[in-house]
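Worksheet for the structure shown next.
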Amino acid sequence: MRYDSLLDSLGHTPLVGLPALSPSPEVRLWAKLEDRNPTGSVKDRTAFFMIQRAEKEGLLQPGSTILEPTSGNTGISLAMVAQLRGYRLVCVMPENTSAERTQLLRMWGAEIHYSPAAGGSNEAVRVAKQMAEDNPDWVMLYQYGNAANAQAHYETTGPELLADLPEITHFVAGLGTTGTLMGVGRYLREQRPQVRIVAAEPRYGELVYGLRNLDEGFVPELYDESVLTTRFSVPSDAALKRTRELLTQEGIFAGVSTGGALHAALGEAAKATKAGERADIAIIIADGGWKYLSTGAYEGTLAEAEERLEGQLWA
Amino acid sequence: MAIEVRIPTILRDYTGGAKTVEGSGGTLGELVSDLDARHPGIAARIVEEGKLRRFVNVYLNDEDVRFLGGIDTAVSDGDTVTVLPAVAGGRL
């Protein structure tokens, strides 16, 4: 397939069956390979739509500075687009994210401002909001509250899924900014009112929770609970186990958050099987495993990998 | 077979330090009552006026029971129930 530029090739990712992980011919799992986007993650859609909208609204001119709180993928996507368009990008990122993410961000020309590990992504959001106040001429695209984030998925990911899988019964994705779930969820609901929209939320070990300031729970502005049918909380060990299963049973090398989505999808698959219902369950492969190799998630036994991942943000 | 219940650190005083305990019941509410019979006081930290307390999250096989049937969610042998303090809010 031929495109005028890398950005023009955004989206239109393959949907592949997961025959080994599917419980039966009646209850099938499908994976949308979002790692096949220009910088290797689903966030390319978000970044491109947010920048495009800001340009249309006249917020960005060449030389403008973009500021964004991000644990990695959105920053990497924004960095690539910003470099092509001549914007400066400042990312606020928790210090306990993987080393590859820092390298990739710098490679595409982004500047990184680290926020304390203790608060996770919430703390990065808080720090970025403060920096935006201190630098009123900077443009914070703010993926957690930018309607263009969800709109990207409403206009592209959702229609692509339905075209490839008209019989879709479930859509499962990780819950972060909530953009994927809100956008795809709203689109599919309009087209298939009975569809189940399922969120997989990362559940970190008590080490991370213990460090957190629990009074500062953060709910992204994009989040609308009514779009969701249900929500799973996936512990690190389960996410790791499912990430390994994707690799060994289906040959798919995905990031750890995708293991979380698979865990929720298998939970829904088990319920459909028990109820004797047909199901076609689509999950999002948010990114490949490359950026997480240094975390040790793919080496040694599961217990060893889990120990290494303790205290790290994997989604 | 029984239902496995995972207890957060903050409630392990009630379980003699145990991370997981076993219980039985047809619904989550019955399960909590059953736990309270052996671990007196634990129910009041999870349930209030017949509802799940606001700052407690309970998961059935990792699915949030607030999206299922709340305190009336059906449970059965072989299930795993996880109790956790909600991130937004803190104390149980």
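Within each chain, counting starts at residue 1; across the structure tokens, chains are named A, B, ... in the order shown, with ligands numbered 1 upward in that order.
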* For segment 49-56 of chain B, list every protein, DNA or RNA residue within 6 Å, evaluated using only C-alpha atoms, and leave out those in the same chain fewer than 3 positions away; present the list as an MDAnalysis selection string. => chainID B and resid 46 84:86 89
* **Ala99 of chain A environment, 10 Å, only C-alpha atoms, sequence neighbours closer than 6 positions dropped, as a VMD selection string** => chain A and resid 291 to 295
Would you save the residues of that selection, restricted to C-alpha atoms, as a PDB file, in the first residue's frame?
ATOM      1  CA  LYS A 291       9.808  -0.422  24.871  1.00  0.00           C
ATOM      2  CA  TYR A 292       9.512  -2.720  27.886  1.00  0.00           C
ATOM      3  CA  LEU A 293      12.403  -5.114  27.272  1.00  0.00           C
ATOM      4  CA  SER A 294      14.513  -3.402  29.929  1.00  0.00           C
ATOM      5  CA  THR A 295      11.798  -4.000  32.541  1.00  0.00           C
TER       6      THR A 295
END
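Neighbours of segment 113-127 of chain A closer than or equal to 6 Å, with only C-alpha atoms counted and sequence neighbours fewer than 3 positions away skipped, come out as Pro69, Cys91, Val92, Met93, Pro94, Glu95, Asn96, Gln130, Leu211 and Arg212 of chain A.
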* Write out as a ChimeraX atom specification every residue belonging to chain B that has an atom at most 12 Å from any atom of chain A, counting only C-alpha atoms. => /B:7-10,55,57-69,79,81-92
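For the residues A:Glu100, A:Glu26, A:Glu34, A:Glu55, ranking by smallest atom-to-atom distance to Phe253 of chain A using only C-alpha atoms places A:Glu34 first.
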DSSP helix (DSSP H, G or I) selection over segment 148-309 of chain A, as a compact mmCIF listing (two decimals) with C-alpha atoms, in the first residue's frame:
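In the end it all went to selection_15.txt:
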# COMPACT_ATOMS: atom_id res chain seq x y z
CA ALA A 148 -9.93 15.16 19.87
CA ASN A 149 -8.43 12.15 21.69
CA ALA A 150 -11.76 10.32 21.88
CA GLN A 151 -12.80 11.73 18.50
CA ALA A 152 -9.77 10.07 16.83
CA HIS A 153 -11.15 6.71 17.90
CA TYR A 154 -14.74 7.62 17.10
CA GLU A 155 -13.74 8.54 13.55
CA THR A 156 -11.08 5.94 12.80
CA THR A 157 -10.57 3.01 15.22
CA GLY A 158 -14.31 2.39 15.71
CA PRO A 159 -15.28 2.36 12.02
CA GLU A 160 -12.25 0.21 11.15
CA LEU A 161 -13.24 -2.36 13.78
CA LEU A 162 -16.86 -2.52 12.65
CA ALA A 163 -15.86 -2.86 8.99
CA ASP A 164 -13.57 -5.79 9.80
CA GLY A 179 -9.96 8.12 24.96
CA THR A 180 -9.94 4.75 23.16
CA LEU A 181 -12.83 3.35 25.18
CA MET A 182 -14.92 6.52 24.98
CA GLY A 183 -14.41 7.04 21.24
CA VAL A 184 -14.72 3.46 20.04
CA GLY A 185 -17.40 2.79 22.67
CA ARG A 186 -19.65 5.62 21.51
CA TYR A 187 -19.25 4.71 17.86
CA LEU A 188 -19.95 1.01 18.34
CA ARG A 189 -22.94 1.68 20.63
CA GLU A 190 -24.54 3.77 17.88
CA GLN A 191 -24.01 1.00 15.35
CA GLU A 206 0.74 -2.15 47.11
CA LEU A 207 4.21 -0.72 46.67
CA VAL A 208 2.87 1.79 44.14
CA TYR A 209 -0.39 2.34 46.02
CA GLY A 210 1.47 2.79 49.26
CA LEU A 211 3.47 5.60 47.72
CA LEU A 214 -4.69 8.45 47.96
CA ASP A 215 -6.65 11.64 48.48
CA GLU A 216 -5.67 12.80 45.02
CA GLU A 225 -18.86 5.86 32.97
CA SER A 226 -22.13 5.39 31.06
CA VAL A 227 -20.17 4.38 27.94
CA SER A 236 0.43 -6.97 37.45
CA ASP A 237 0.89 -10.74 37.66
CA ALA A 238 -2.18 -11.40 35.51
CA ALA A 239 -1.17 -8.75 32.95
CA LEU A 240 2.29 -10.29 32.71
CA LYS A 241 0.92 -13.82 32.39
CA ARG A 242 -1.42 -12.80 29.57
CA THR A 243 1.34 -10.86 27.81
CA ARG A 244 3.40 -14.07 27.82
CA GLU A 245 0.41 -16.07 26.53
CA LEU A 246 -0.01 -13.69 23.60
CA LEU A 247 3.63 -14.26 22.78
CA THR A 248 3.78 -18.04 23.16
CA GLN A 249 0.31 -18.97 21.90
CA GLU A 250 -0.32 -16.38 19.19
CA VAL A 256 2.29 -5.33 29.25
CA SER A 257 -0.86 -3.17 29.24
CA THR A 258 -2.17 -5.30 26.36
CA GLY A 259 -1.85 -8.32 28.64
CA GLY A 260 -4.28 -6.47 30.91
CA ALA A 261 -6.79 -6.06 28.09
CA LEU A 262 -6.44 -9.75 27.18
CA HIS A 263 -7.10 -10.70 30.81
CA ALA A 264 -10.38 -8.77 30.78
CA ALA A 265 -11.28 -10.21 27.36
CA LEU A 266 -10.74 -13.75 28.63
CA GLY A 267 -12.94 -12.93 31.64
CA GLU A 268 -15.74 -11.87 29.28
CA ALA A 269 -15.08 -14.90 27.06
CA ALA A 270 -15.46 -17.22 30.06
CA LYS A 271 -18.79 -15.59 30.94
CA ALA A 272 -20.08 -15.91 27.37
CA THR A 273 -19.01 -19.56 27.27
CA LYS A 274 -20.74 -20.27 30.59
CA ALA A 275 -23.92 -18.58 29.36
CA TRP A 290 10.02 -3.35 22.49
CA LYS A 291 9.81 -0.42 24.87
CA TYR A 292 9.51 -2.72 27.89
CA LEU A 293 12.40 -5.11 27.27
CA SER A 294 14.51 -3.40 29.93
CA THR A 295 11.80 -4.00 32.54
CA LEU A 302 6.68 -15.13 35.68
CA ALA A 303 7.52 -14.72 39.35
CA GLU A 304 10.90 -13.22 38.48
CA ALA A 305 9.35 -10.88 35.94
CA GLU A 306 6.69 -9.83 38.43
CA GLU A 307 9.31 -9.02 41.01
CA ARG A 308 11.22 -6.90 38.51
CA LEU A 309 8.06 -5.05 37.53
* To do: Can you list, as a PyMOL selection string, all residues belonging to chain B that DSSP tags as strand (DSSP E or B)?
  => chain B and resi 3-6+20-23+27+47-48+51-52+56-60+63-64+74+80-85
Writing out the chosen residues with C-alpha atoms as a tab-separated table (two decimals), in the first residue's frame:
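Result file is again-v8.tsv:
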chain	number	residue	atom	x	y	z
B	3	ILE	CA	-14.47	-18.76	47.38
B	4	GLU	CA	-11.02	-17.25	47.76
B	5	VAL	CA	-11.01	-13.76	49.23
B	6	ARG	CA	-7.93	-11.55	48.93
B	20	THR	CA	-6.15	-14.66	51.52
B	21	VAL	CA	-8.97	-16.37	53.36
B	22	GLU	CA	-11.77	-18.66	52.23
B	23	GLY	CA	-15.46	-18.12	52.54
B	27	THR	CA	-23.95	-13.55	46.97
B	47	VAL	CA	-20.26	-2.91	54.02
B	48	GLU	CA	-22.25	0.00	55.40
B	51	LYS	CA	-24.16	-1.36	50.61
B	52	LEU	CA	-20.51	-1.49	49.72
B	56	VAL	CA	-13.87	0.12	49.01
B	57	ASN	CA	-13.49	-1.62	45.70
B	58	VAL	CA	-14.49	-5.25	45.41
B	59	TYR	CA	-13.65	-7.35	42.38
B	60	LEU	CA	-15.14	-10.68	41.37
B	63	GLU	CA	-14.30	-7.48	37.52
B	64	ASP	CA	-15.60	-4.48	39.47
B	74	ALA	CA	-23.85	-13.77	42.65
B	80	THR	CA	-11.82	-15.14	43.54
B	81	VAL	CA	-12.97	-12.00	45.32
B	82	THR	CA	-10.48	-9.15	45.83
B	83	VAL	CA	-11.05	-6.34	48.32
B	84	LEU	CA	-9.04	-3.15	47.81
B	85	PRO	CA	-9.09	0.41	49.11
* **For Asp34 of chain B: contacts at 12 Å, only C-alpha atoms, fewer than 3 positions along chain excluded, given as an NGL selection string** => :B and (2-3 or 5 or 21-31 or 37-43)
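Atom CA of Leu59 of chain A lies 19.1 Å from atom CA of Ala110 of chain A.
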